[in-house]
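Quick look at run_0.pdb (PDB, C-alpha atoms, pLDDT in the B column):
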```pdb
ATOM      1  CA  MET W   1      23.917  13.247   9.279  1.00 44.00           C
ATOM      2  CA  THR W   2      21.148  15.670   8.265  1.00 43.00           C
ATOM      3  CA  ASP W   3      19.115  12.862   6.675  1.00 45.00           C
ATOM      4  CA  GLN W   4      19.520  10.734   9.796  1.00 43.00           C
ATOM      5  CA  MET W   5      18.378  13.562  12.080  1.00 42.00           C
ATOM      6  CA  SER W   6      15.366  14.252   9.848  1.00 45.00           C
ATOM      7  CA  ARG W   7      14.490  10.562   9.895  1.00 45.00           C
ATOM      8  CA  ARG W   8      14.671  10.475  13.701  1.00 43.00           C
ATOM      9  CA  ARG W   9      12.475  13.558  14.051  1.00 47.00           C
ATOM     10  CA  LEU W  10       9.833  12.045  11.773  1.00 45.00           C
ATOM     11  CA  LEU W  11       9.869   8.780  13.691  1.00 42.00           C
ATOM     12  CA  ARG W  12       9.494  10.581  17.023  1.00 43.00           C
ATOM     13  CA  SER W  13       6.410  12.369  15.695  1.00 47.00           C
ATOM     14  CA  LEU W  14       4.846   8.962  14.881  1.00 42.00           C
ATOM     15  CA  LEU W  15       5.863   7.026  18.001  1.00 38.00           C
ATOM     16  CA  LEU W  16       3.210   8.184  20.461  1.00 39.00           C
ATOM     17  CA  GLY W  17       2.642   7.200  24.071  1.00 40.00           C
ATOM     18  CA  GLY W  18       4.124   3.985  25.470  1.00 38.00           C
ATOM     19  CA  ALA W  19       4.063   2.110  22.177  1.00 39.00           C
ATOM     20  CA  GLY W  20       7.440   3.408  21.020  1.00 41.00           C
ATOM     21  CA  THR W  21       9.480   0.340  21.998  1.00 38.00           C
ATOM     22  CA  GLY W  22       7.244  -2.052  20.104  1.00 42.00           C
ATOM     23  CA  LEU W  23       7.179   0.192  17.045  1.00 38.00           C
ATOM     24  CA  MET W  24      10.951   0.481  16.979  1.00 39.00           C
ATOM     25  CA  ASN W  25      11.137  -3.323  17.097  1.00 44.00           C
ATOM     26  CA  GLU W  26       8.921  -3.366  14.007  1.00 44.00           C
ATOM     27  CA  MET W  27      11.313  -0.949  12.307  1.00 42.00           C
ATOM     28  CA  SER W  28      14.208  -3.289  13.078  1.00 41.00           C
ATOM     29  CA  ILE W  29      12.291  -6.158  11.470  1.00 42.00           C
ATOM     30  CA  ALA W  30      11.533  -3.896   8.494  1.00 42.00           C
ATOM     31  CA  ASN W  31      15.217  -3.137   7.966  1.00 41.00           C
ATOM     32  CA  GLU W  32      16.024  -6.858   7.943  1.00 41.00           C
ATOM     33  CA  ARG W  33      13.339  -7.525   5.341  1.00 41.00           C
ATOM     34  CA  LEU W  34      14.402  -4.600   3.206  1.00 38.00           C
ATOM     35  CA  ALA W  35      17.916  -6.000   3.014  1.00 36.00           C
ATOM     36  CA  ALA W  36      16.503  -9.080   1.318  1.00 41.00           C
ATOM     37  CA  SER W  37      14.026  -7.234  -0.902  1.00 44.00           C
ATOM     38  CA  PRO W  38      14.267  -7.254  -4.697  1.00 46.00           C
ATOM     39  CA  ALA W  39      14.165  -3.919  -6.459  1.00 45.00           C
ATOM     40  CA  PRO W  40      10.621  -3.022  -7.516  1.00 50.00           C
ATOM     41  CA  ALA W  41       9.999  -3.824 -11.151  1.00 47.00           C
ATOM     42  CA  GLY W  42       6.873  -1.761 -11.705  1.00 53.00           C
ATOM     43  CA  GLN W  43       8.668   0.718 -13.954  1.00 62.00           C
ATOM     44  CA  PRO W  44      11.759   0.288 -16.148  1.00 59.00           C
ATOM     45  CA  GLN W  45      15.081   1.060 -14.513  1.00 57.00           C
ATOM     46  CA  GLY W  46      16.371   4.519 -15.392  1.00 57.00           C
ATOM     47  CA  THR W  47      12.951   6.031 -16.134  1.00 65.00           C
ATOM     48  CA  CYS W  48      10.564   8.093 -14.009  1.00 81.00           C
ATOM     49  CA  VAL W  49       6.835   7.894 -14.618  1.00 86.00           C
ATOM     50  CA  LEU W  50       5.121  10.358 -12.299  1.00 89.00           C
ATOM     51  CA  LEU W  51       2.711   8.577  -9.961  1.00 91.00           C
ATOM     52  CA  PRO W  52      -0.713  10.084 -10.668  1.00 90.00           C
ATOM     53  CA  GLN W  53      -2.706  11.716  -7.892  1.00 91.00           C
ATOM     54  CA  SER W  54      -5.981   9.998  -7.052  1.00 92.00           C
ATOM     55  CA  ILE W  55      -8.864  10.485  -4.668  1.00 91.00           C
ATOM     56  CA  GLU W  56      -8.119   9.604  -1.053  1.00 93.00           C
ATOM     57  CA  GLY W  57     -11.512   7.977  -0.669  1.00 92.00           C
ATOM     58  CA  PRO W  58     -13.768   7.812   2.382  1.00 94.00           C
ATOM     59  CA  TYR W  59     -11.803   5.269   4.423  1.00 97.00           C
ATOM     60  CA  TYR W  60      -8.514   6.924   5.371  1.00 97.00           C
ATOM     61  CA  PHE W  61      -7.314   7.513   8.890  1.00 96.00           C
ATOM     62  CA  ASP W  62      -3.881   7.380  10.486  1.00 96.00           C
ATOM     63  CA  PRO W  63      -3.631   4.600  13.104  1.00 95.00           C
ATOM     64  CA  LYS W  64      -0.138   5.882  14.006  1.00 95.00           C
ATOM     65  CA  GLN W  65       1.447   2.465  13.655  1.00 96.00           C
ATOM     66  CA  VAL W  66       4.865   2.105  12.077  1.00 98.00           C
ATOM     67  CA  ARG W  67       4.885  -1.568  11.219  1.00 98.00           C
ATOM     68  CA  VAL W  68       5.756  -4.160   8.612  1.00 98.00           C
ATOM     69  CA  ASP W  69       2.943  -6.641   9.260  1.00 98.00           C
ATOM     70  CA  ILE W  70      -0.377  -4.833   8.848  1.00 98.00           C
ATOM     71  CA  THR W  71      -2.632  -7.909   8.769  1.00 98.00           C
ATOM     72  CA  GLU W  72      -3.600  -8.074  12.476  1.00 98.00           C
ATOM     73  CA  GLY W  73      -4.529 -11.696  11.807  1.00 97.00           C
ATOM     74  CA  ARG W  74      -6.949 -10.874   9.004  1.00 98.00           C
ATOM     75  CA  PRO W  75      -7.426 -13.981   6.785  1.00 98.00           C
ATOM     76  CA  GLY W  76      -6.400 -13.873   3.154  1.00 98.00           C
ATOM     77  CA  TYR W  77      -3.827 -14.749   0.522  1.00 98.00           C
ATOM     78  CA  PRO W  78      -0.363 -13.536   1.681  1.00 98.00           C
ATOM     79  CA  LEU W  79       0.893 -10.393  -0.052  1.00 98.00           C
ATOM     80  CA  ARG W  80       4.332  -8.822   0.213  1.00 97.00           C
ATOM     81  CA  LEU W  81       4.243  -5.187  -0.914  1.00 97.00           C
ATOM     82  CA  VAL W  82       7.558  -3.585  -1.920  1.00 96.00           C
ATOM     83  CA  LEU W  83       7.531   0.134  -2.773  1.00 96.00           C
ATOM     84  CA  LYS W  84      10.392   2.427  -3.742  1.00 95.00           C
ATOM     85  CA  VAL W  85      10.066   6.216  -3.541  1.00 96.00           C
ATOM     86  CA  ILE W  86      12.084   8.208  -6.080  1.00 95.00           C
ATOM     87  CA  GLU W  87      12.181  11.877  -7.053  1.00 95.00           C
ATOM     88  CA  TYR W  88      10.646  12.695 -10.405  1.00 93.00           C
ATOM     89  CA  GLY W  89      13.274  14.200 -12.717  1.00 90.00           C
ATOM     90  CA  PRO W  90      16.605  12.951 -11.363  1.00 92.00           C
ATOM     91  CA  CYS W  91      15.062   9.538 -10.569  1.00 91.00           C
ATOM     92  CA  THR W  92      17.011   9.364  -7.311  1.00 94.00           C
ATOM     93  CA  PRO W  93      15.822   7.576  -4.150  1.00 95.00           C
ATOM     94  CA  VAL W  94      13.953   9.624  -1.550  1.00 96.00           C
ATOM     95  CA  ALA W  95      15.106   8.596   1.927  1.00 97.00           C
ATOM     96  CA  SER W  96      13.151   9.249   5.140  1.00 97.00           C
ATOM     97  CA  ALA W  97       9.823   9.604   3.338  1.00 97.00           C
ATOM     98  CA  ARG W  98       6.782   8.425   5.236  1.00 97.00           C
ATOM     99  CA  VAL W  99       4.666   5.931   3.269  1.00 98.00           C
ATOM    100  CA  ASP W 100       1.132   5.090   4.443  1.00 98.00           C
ATOM    101  CA  VAL W 101      -0.873   2.243   2.900  1.00 98.00           C
ATOM    102  CA  TRP W 102      -4.415   1.018   3.534  1.00 98.00           C
ATOM    103  CA  HIS W 103      -6.787  -1.345   1.746  1.00 98.00           C
ATOM    104  CA  ALA W 104      -9.859  -3.540   2.102  1.00 98.00           C
ATOM    105  CA  ASP W 105      -9.790  -7.043   3.547  1.00 98.00           C
ATOM    106  CA  ALA W 106     -10.540 -10.233   1.614  1.00 98.00           C
ATOM    107  CA  LEU W 107     -14.283  -9.514   1.718  1.00 97.00           C
ATOM    108  CA  GLY W 108     -13.946  -5.878   0.676  1.00 98.00           C
ATOM    109  CA  VAL W 109     -14.252  -4.267   4.125  1.00 98.00           C
ATOM    110  CA  TYR W 110     -11.939  -1.512   5.420  1.00 98.00           C
ATOM    111  CA  SER W 111     -11.042  -1.244   9.082  1.00 98.00           C
ATOM    112  CA  GLY W 112     -12.439   1.555  11.208  1.00 98.00           C
ATOM    113  CA  TYR W 113     -15.770   2.281   9.520  1.00 98.00           C
ATOM    114  CA  SER W 114     -19.416   1.228   9.585  1.00 97.00           C
ATOM    115  CA  GLY W 115     -21.901   0.963   6.718  1.00 96.00           C
ATOM    116  CA  GLN W 116     -19.792  -1.390   4.584  1.00 97.00           C
ATOM    117  CA  GLY W 117     -20.301  -4.719   2.834  1.00 94.00           C
ATOM    118  CA  ASP W 118     -22.627  -5.615  -0.012  1.00 93.00           C
ATOM    119  CA  GLY W 119     -25.619  -4.791   2.177  1.00 93.00           C
ATOM    120  CA  ARG W 120     -24.002  -1.726   3.785  1.00 94.00           C
ATOM    121  CA  ASN W 121     -24.594  -3.385   7.169  1.00 96.00           C
ATOM    122  CA  VAL W 122     -21.026  -4.354   8.189  1.00 97.00           C
ATOM    123  CA  SER W 123     -19.117  -2.348  10.807  1.00 97.00           C
ATOM    124  CA  SER W 124     -15.403  -2.499  11.579  1.00 98.00           C
ATOM    125  CA  ALA W 125     -15.416   0.530  13.879  1.00 97.00           C
ATOM    126  CA  GLY W 126     -12.447   0.586  16.247  1.00 97.00           C
ATOM    127  CA  LYS W 127     -10.350  -1.784  14.094  1.00 98.00           C
ATOM    128  CA  THR W 128      -7.009  -0.865  12.485  1.00 98.00           C
ATOM    129  CA  TYR W 129      -6.223  -3.895  10.308  1.00 98.00           C
ATOM    130  CA  LEU W 130      -4.592  -3.496   6.886  1.00 98.00           C
ATOM    131  CA  ARG W 131      -3.236  -0.020   7.628  1.00 98.00           C
ATOM    132  CA  GLY W 132       0.297   1.002   8.426  1.00 98.00           C
ATOM    133  CA  THR W 133       3.269   3.288   7.983  1.00 98.00           C
ATOM    134  CA  GLN W 134       6.881   2.747   6.978  1.00 98.00           C
ATOM    135  CA  ILE W 135       9.785   5.193   6.616  1.00 98.00           C
ATOM    136  CA  SER W 136      11.829   4.772   3.429  1.00 97.00           C
ATOM    137  CA  ASP W 137      15.437   3.692   3.818  1.00 97.00           C
ATOM    138  CA  ALA W 138      18.478   5.151   2.036  1.00 96.00           C
ATOM    139  CA  ASP W 139      17.364   3.408  -1.186  1.00 95.00           C
ATOM    140  CA  GLY W 140      13.840   4.822  -0.888  1.00 96.00           C
ATOM    141  CA  GLN W 141      12.329   1.396  -0.135  1.00 96.00           C
ATOM    142  CA  VAL W 142       9.603   0.213   2.225  1.00 97.00           C
ATOM    143  CA  VAL W 143       8.101  -3.244   2.705  1.00 97.00           C
ATOM    144  CA  PHE W 144       4.695  -4.290   4.037  1.00 98.00           C
ATOM    145  CA  SER W 145       3.372  -7.774   4.831  1.00 98.00           C
ATOM    146  CA  SER W 146      -0.345  -7.926   4.100  1.00 98.00           C
ATOM    147  CA  ILE W 147      -3.044  -9.939   2.328  1.00 98.00           C
ATOM    148  CA  TYR W 148      -4.370  -9.613  -1.192  1.00 98.00           C
ATOM    149  CA  PRO W 149      -7.170  -7.014  -1.105  1.00 98.00           C
ATOM    150  CA  GLY W 150     -10.729  -8.023  -1.837  1.00 98.00           C
ATOM    151  CA  TRP W 151     -13.184  -6.055  -3.954  1.00 98.00           C
ATOM    152  CA  TYR W 152     -16.255  -4.071  -3.042  1.00 96.00           C
ATOM    153  CA  PRO W 153     -19.119  -2.856  -5.250  1.00 96.00           C
ATOM    154  CA  GLY W 154     -18.087  -0.422  -7.948  1.00 96.00           C
ATOM    155  CA  ARG W 155     -14.316  -0.745  -7.476  1.00 97.00           C
ATOM    156  CA  THR W 156     -11.594  -2.917  -8.911  1.00 97.00           C
ATOM    157  CA  PRO W 157      -9.086  -4.378  -6.363  1.00 98.00           C
ATOM    158  CA  HIS W 158      -6.611  -1.702  -5.258  1.00 97.00           C
ATOM    159  CA  ILE W 159      -4.355  -0.347  -2.515  1.00 97.00           C
ATOM    160  CA  HIS W 160      -4.300   3.253  -1.332  1.00 97.00           C
ATOM    161  CA  VAL W 161      -0.970   4.968  -0.718  1.00 97.00           C
ATOM    162  CA  LYS W 162       0.166   8.313   0.658  1.00 97.00           C
ATOM    163  CA  VAL W 163       3.738   9.626   0.595  1.00 97.00           C
ATOM    164  CA  PHE W 164       4.838  12.374   2.998  1.00 97.00           C
ATOM    165  CA  LEU W 165       8.128  14.234   3.380  1.00 95.00           C
ATOM    166  CA  ASP W 166       8.776  16.578   6.296  1.00 91.00           C
ATOM    167  CA  GLN W 167       5.072  16.283   7.243  1.00 86.00           C
ATOM    168  CA  LYS W 168       4.027  17.467   3.778  1.00 92.00           C
ATOM    169  CA  THR W 169       1.919  15.215   1.543  1.00 94.00           C
ATOM    170  CA  LEU W 170       3.707  14.631  -1.763  1.00 94.00           C
ATOM    171  CA  VAL W 171       1.150  12.314  -3.340  1.00 94.00           C
ATOM    172  CA  THR W 172      -2.093  10.482  -2.599  1.00 95.00           C
ATOM    173  CA  SER W 173      -2.748   7.679  -5.046  1.00 94.00           C
ATOM    174  CA  GLN W 174      -4.214   4.249  -5.723  1.00 95.00           C
ATOM    175  CA  ILE W 175      -2.321   1.298  -7.167  1.00 95.00           C
ATOM    176  CA  TYR W 176      -3.792  -1.752  -8.887  1.00 96.00           C
ATOM    177  CA  PHE W 177      -3.370  -5.445  -9.682  1.00 96.00           C
ATOM    178  CA  PRO W 178      -3.648  -7.403 -12.955  1.00 96.00           C
ATOM    179  CA  ASP W 179      -7.250  -8.538 -13.436  1.00 97.00           C
ATOM    180  CA  ALA W 180      -6.180 -12.079 -14.296  1.00 97.00           C
ATOM    181  CA  LEU W 181      -4.275 -12.419 -11.020  1.00 97.00           C
ATOM    182  CA  SER W 182      -7.261 -11.247  -8.987  1.00 98.00           C
ATOM    183  CA  ALA W 183      -9.518 -13.728 -10.767  1.00 97.00           C
ATOM    184  CA  ARG W 184      -7.201 -16.673  -9.993  1.00 97.00           C
ATOM    185  CA  ILE W 185      -6.803 -15.765  -6.331  1.00 98.00           C
ATOM    186  CA  TYR W 186     -10.501 -15.119  -5.742  1.00 98.00           C
ATOM    187  CA  LYS W 187     -11.645 -18.399  -7.291  1.00 97.00           C
ATOM    188  CA  ALA W 188      -9.138 -20.653  -5.508  1.00 97.00           C
ATOM    189  CA  ASN W 189      -8.657 -19.292  -1.984  1.00 97.00           C
ATOM    190  CA  ASP W 190     -10.633 -18.680   1.183  1.00 97.00           C
ATOM    191  CA  PRO W 191     -12.330 -16.422   2.082  1.00 98.00           C
ATOM    192  CA  TYR W 192     -12.371 -14.834  -1.392  1.00 98.00           C
ATOM    193  CA  VAL W 193     -14.377 -17.756  -2.788  1.00 98.00           C
ATOM    194  CA  GLU W 194     -17.415 -16.377  -0.965  1.00 97.00           C
ATOM    195  CA  ARG W 195     -17.351 -13.502  -3.502  1.00 96.00           C
ATOM    196  CA  PRO W 196     -15.210 -14.751  -6.418  1.00 97.00           C
ATOM    197  CA  SER W 197     -16.387 -12.397  -9.174  1.00 96.00           C
ATOM    198  CA  PRO W 198     -15.717  -8.640  -8.859  1.00 97.00           C
ATOM    199  CA  ASP W 199     -18.390  -6.458 -10.430  1.00 97.00           C
ATOM    200  CA  THR W 200     -15.718  -4.038 -11.716  1.00 97.00           C
ATOM    201  CA  SER W 201     -12.490  -4.631 -13.664  1.00 97.00           C
ATOM    202  CA  ASN W 202      -9.576  -2.266 -14.155  1.00 95.00           C
ATOM    203  CA  ASN W 203     -10.901  -1.124 -17.503  1.00 93.00           C
ATOM    204  CA  THR W 204     -14.370  -0.375 -16.121  1.00 95.00           C
ATOM    205  CA  ASP W 205     -13.211   1.315 -12.905  1.00 95.00           C
ATOM    206  CA  TYR W 206     -13.608   5.103 -13.108  1.00 93.00           C
ATOM    207  CA  PHE W 207     -10.627   5.900 -10.900  1.00 94.00           C
ATOM    208  CA  TYR W 208      -8.373   3.437 -12.693  1.00 94.00           C
ATOM    209  CA  ARG W 209      -9.280   4.927 -16.076  1.00 91.00           C
ATOM    210  CA  SER W 210      -8.752   8.479 -14.839  1.00 88.00           C
ATOM    211  CA  GLY W 211      -5.394   7.669 -13.219  1.00 82.00           C
ATOM    212  CA  VAL W 212      -3.343   8.192 -16.350  1.00 75.00           C
ATOM    213  CA  LYS W 213      -4.578   9.776 -19.561  1.00 67.00           C
ATOM    214  CA  GLU W 214      -3.102   6.988 -21.638  1.00 65.00           C
ATOM    215  CA  GLY W 215      -2.985   3.394 -20.444  1.00 69.00           C
ATOM    216  CA  GLY W 216      -5.094   3.595 -17.312  1.00 76.00           C
ATOM    217  CA  GLY W 217      -3.956   3.386 -13.701  1.00 87.00           C
ATOM    218  CA  ILE W 218      -0.632   2.185 -12.348  1.00 90.00           C
ATOM    219  CA  VAL W 219      -0.526  -1.622 -12.078  1.00 92.00           C
ATOM    220  CA  LEU W 220       1.843  -3.287  -9.632  1.00 94.00           C
ATOM    221  CA  ALA W 221       4.484  -5.646 -10.963  1.00 92.00           C
ATOM    222  CA  VAL W 222       3.764  -9.058  -9.462  1.00 94.00           C
ATOM    223  CA  GLU W 223       5.818 -12.167  -8.791  1.00 94.00           C
ATOM    224  CA  GLU W 224       3.869 -15.282  -7.853  1.00 94.00           C
ATOM    225  CA  SER W 225       5.077 -18.116  -5.668  1.00 92.00           C
ATOM    226  CA  PRO W 226       3.070 -21.242  -4.785  1.00 90.00           C
ATOM    227  CA  GLN W 227       1.479 -19.664  -1.686  1.00 93.00           C
ATOM    228  CA  SER W 228       1.988 -15.897  -1.882  1.00 96.00           C
ATOM    229  CA  VAL W 229       2.396 -12.866  -4.133  1.00 97.00           C
ATOM    230  CA  THR W 230       5.084 -10.170  -4.103  1.00 96.00           C
ATOM    231  CA  ALA W 231       3.824  -6.903  -5.610  1.00 96.00           C
ATOM    232  CA  SER W 232       6.206  -4.022  -6.285  1.00 94.00           C
ATOM    233  CA  LEU W 233       6.175  -0.533  -7.703  1.00 94.00           C
ATOM    234  CA  VAL W 234       8.319   2.576  -8.063  1.00 93.00           C
ATOM    235  CA  LEU W 235       6.561   5.651  -6.676  1.00 94.00           C
ATOM    236  CA  SER W 236       7.876   8.682  -8.542  1.00 93.00           C
ATOM    237  CA  VAL W 237       7.020  11.902  -6.688  1.00 94.00           C
ATOM    238  CA  VAL W 238       7.663  15.640  -6.930  1.00 93.00           C
ATOM    239  CA  ARG W 239       9.218  17.091  -3.773  1.00 88.00           C
ATOM    240  CA  SER W 240       7.471  20.432  -4.244  1.00 77.00           C
TER     241      SER W 240
END
```

Could you take the file, read its structure, and then write that structure out as structure tokens?
Amino acid sequence: MTDQMSRRRLLRSLLLGGAGTGLMNEMSIANERLAASPAPAGQPQGTCVLLPQSIEGPYYFDPKQVRVDITEGRPGYPLRLVLKVIEYGPCTPVASARVDVWHADALGVYSGYSGQGDGRNVSSAGKTYLRGTQISDADGQVVFSSIYPGWYPGRTPHIHVKVFLDQKTLVTSQIYFPDALSARIYKANDPYVERPSPDTSNNTDYFYRSGVKEGGGIVLAVEESPQSVTASLVLSVVRS
């Protein structure tokens, strides 16, 4: 009962204005998708590898949208993102945690900011695409429907993630994709083919290399189907 009440309080703090009904419908859809979700395979079962902190970056803001589908019609290769929040140490699921994700679109542009693109002349001010929030279920899981992120100068493809509990930030991090997968998607699919060759790989990305002292950043486990990718990861966090 305490967990349920805490979950409701957190949801009420996110559901602002008259948008609450629509957001709750999104949560209902999320619960249905979670029921069919495979367990994330990013880390071996029974082990906890602490998710490393990373820079938030210049493009974060909270659009206050609890939703599964964060695409807002943005074109790109379909991506299903499955994350599971666990507590470092006991390796137990963390329920009612707020998980925020945000990332660039297929051409490497974030929503909500100007001065982007290869020529620093692209503006997406006022847009909220490819950003969203989910609340972890009893198994610690959340699911997002998105598109495969594009690259922008100086960075390897990645997704930003924040995990909150009781309005306290537990971790801010960045999670990554296998280089070979990015190369295949960029060379064979619109609109990535406009910019098929990233100028930075995982091994040459500063933030990837600084993510973990040994082995680099945290790479998502991926499962490919003919027309989409499912990417999953266990997010091990410290409650304190």

Residues matched by the PyMOL selection byres ((chain W and resi 147) around 6) as a PyMOL selection string: chain W and resi 76-79+146+148

Selection near W:Trp102, 9 Å with only C-alpha atoms, sequence-local residues under 5 positions removed, as a PyMOL selection string: chain W and resi 59-61+70+110-111+129-132+159-161

With C-alpha atoms retained, could you export that selection as a compact mmCIF listing (two decimals), keeping the file's coordinate frame?
```
# COMPACT_ATOMS: atom_id res chain seq x y z
CA TYR W 59 -11.80 5.27 4.42
CA TYR W 60 -8.51 6.92 5.37
CA PHE W 61 -7.31 7.51 8.89
CA ILE W 70 -0.38 -4.83 8.85
CA TYR W 110 -11.94 -1.51 5.42
CA SER W 111 -11.04 -1.24 9.08
CA TYR W 129 -6.22 -3.90 10.31
CA LEU W 130 -4.59 -3.50 6.89
CA ARG W 131 -3.24 -0.02 7.63
CA GLY W 132 0.30 1.00 8.43
CA ILE W 159 -4.36 -0.35 -2.52
CA HIS W 160 -4.30 3.25 -1.33
CA VAL W 161 -0.97 4.97 -0.72
```

Test item: the PyMOL selection byres ((chain W and resi 113) around 6) resolved as a ChimeraX atom specification: /W:111-112,114,123-125

Given the PyMOL selection byres ((chain W and resi 226-235) around 6), the residues it picks as a PyMOL selection string: chain W and resi 40+42+51+78-85+220-225+236

Residue with smallest distance to W:Gly150 - pool W:Asp205, W:Asp105, W:Asp100, W:Asp69, counting all atoms listed in the file: W:Asp105

Separation of atom CA of W:Gly117 from atom CA of W:Val193 in Å: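 Pair atom CA of W:Val193 / atom CA of W:Gly117 returns 15.4 Å.
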
Best match for closeness to W:Gln134 among W:Gln174, W:Gln116, W:Thr71, W:Gln65, counting all atoms listed in the file: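 Of the candidates, the smallest distance to W:Gln134 is held by W:Gln65.
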
Residues near W:Ser240, cut-off 10 Å, all atoms listed in the file, skip fewer than 5 positions along chain, as a PDB file with C-alpha atoms, in the coordinates of the input:
```pdb
ATOM      1  CA  LEU W 165       8.128  14.234   3.380  1.00 95.00           C
ATOM      2  CA  LYS W 168       4.027  17.467   3.778  1.00 92.00           C
ATOM      3  CA  THR W 169       1.919  15.215   1.543  1.00 94.00           C
ATOM      4  CA  LEU W 170       3.707  14.631  -1.763  1.00 94.00           C
TER       5      LEU W 170
END
```

Straight-line distance linking atom CA of W:Ser182 with atom CA of W:Tyr208, stated in Å to one decimal: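 If I compute the distance from atom CA of W:Ser182 to atom CA of W:Tyr208, I get 15.2 Å.
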
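Between W:Phe144 and the residues W:Arg67, W:Arg184, W:His103, W:Arg74, the shortest atom-to-atom distance, using only C-alpha atoms, involves W:Arg67.
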
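Across the structure, atom CA of W:Cys48 and atom CA of W:Val212 are spaced 14.1 Å apart.
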
Shell around W:Pro191 at 8 Å using only C-alpha atoms, local window under 5 positions removed, as a list in words: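 Once the adjacent positions are removed, what remains is Pro75, Gly76, Ala106 and Leu107 of chain W.
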
For W:Pro157: contacts at 7 Å, all atoms listed in the file, fewer than 5 positions along chain excluded, given as a PyMOL selection string: chain W and resi 149-151+176-177

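Checking W:Val101, W:Gly216, W:Arg239, W:Pro153 one by one against W:Gly89, counting all atoms listed in the file, you find the shortest gap at W:Arg239.
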
To test the calculation: enclose all listed atoms of stretch 174-185 of chain W in a box whose edges run along x, y and z, add 6 Å on each side, then state centre and edge lengths in Å to one decimal, as lines of an AutoDock Vina configuration file.
```
center_x = -5.9
center_y = -6.2
center_z = -10.0
size_x = 19.2
size_y = 32.9
size_z = 20.6
```
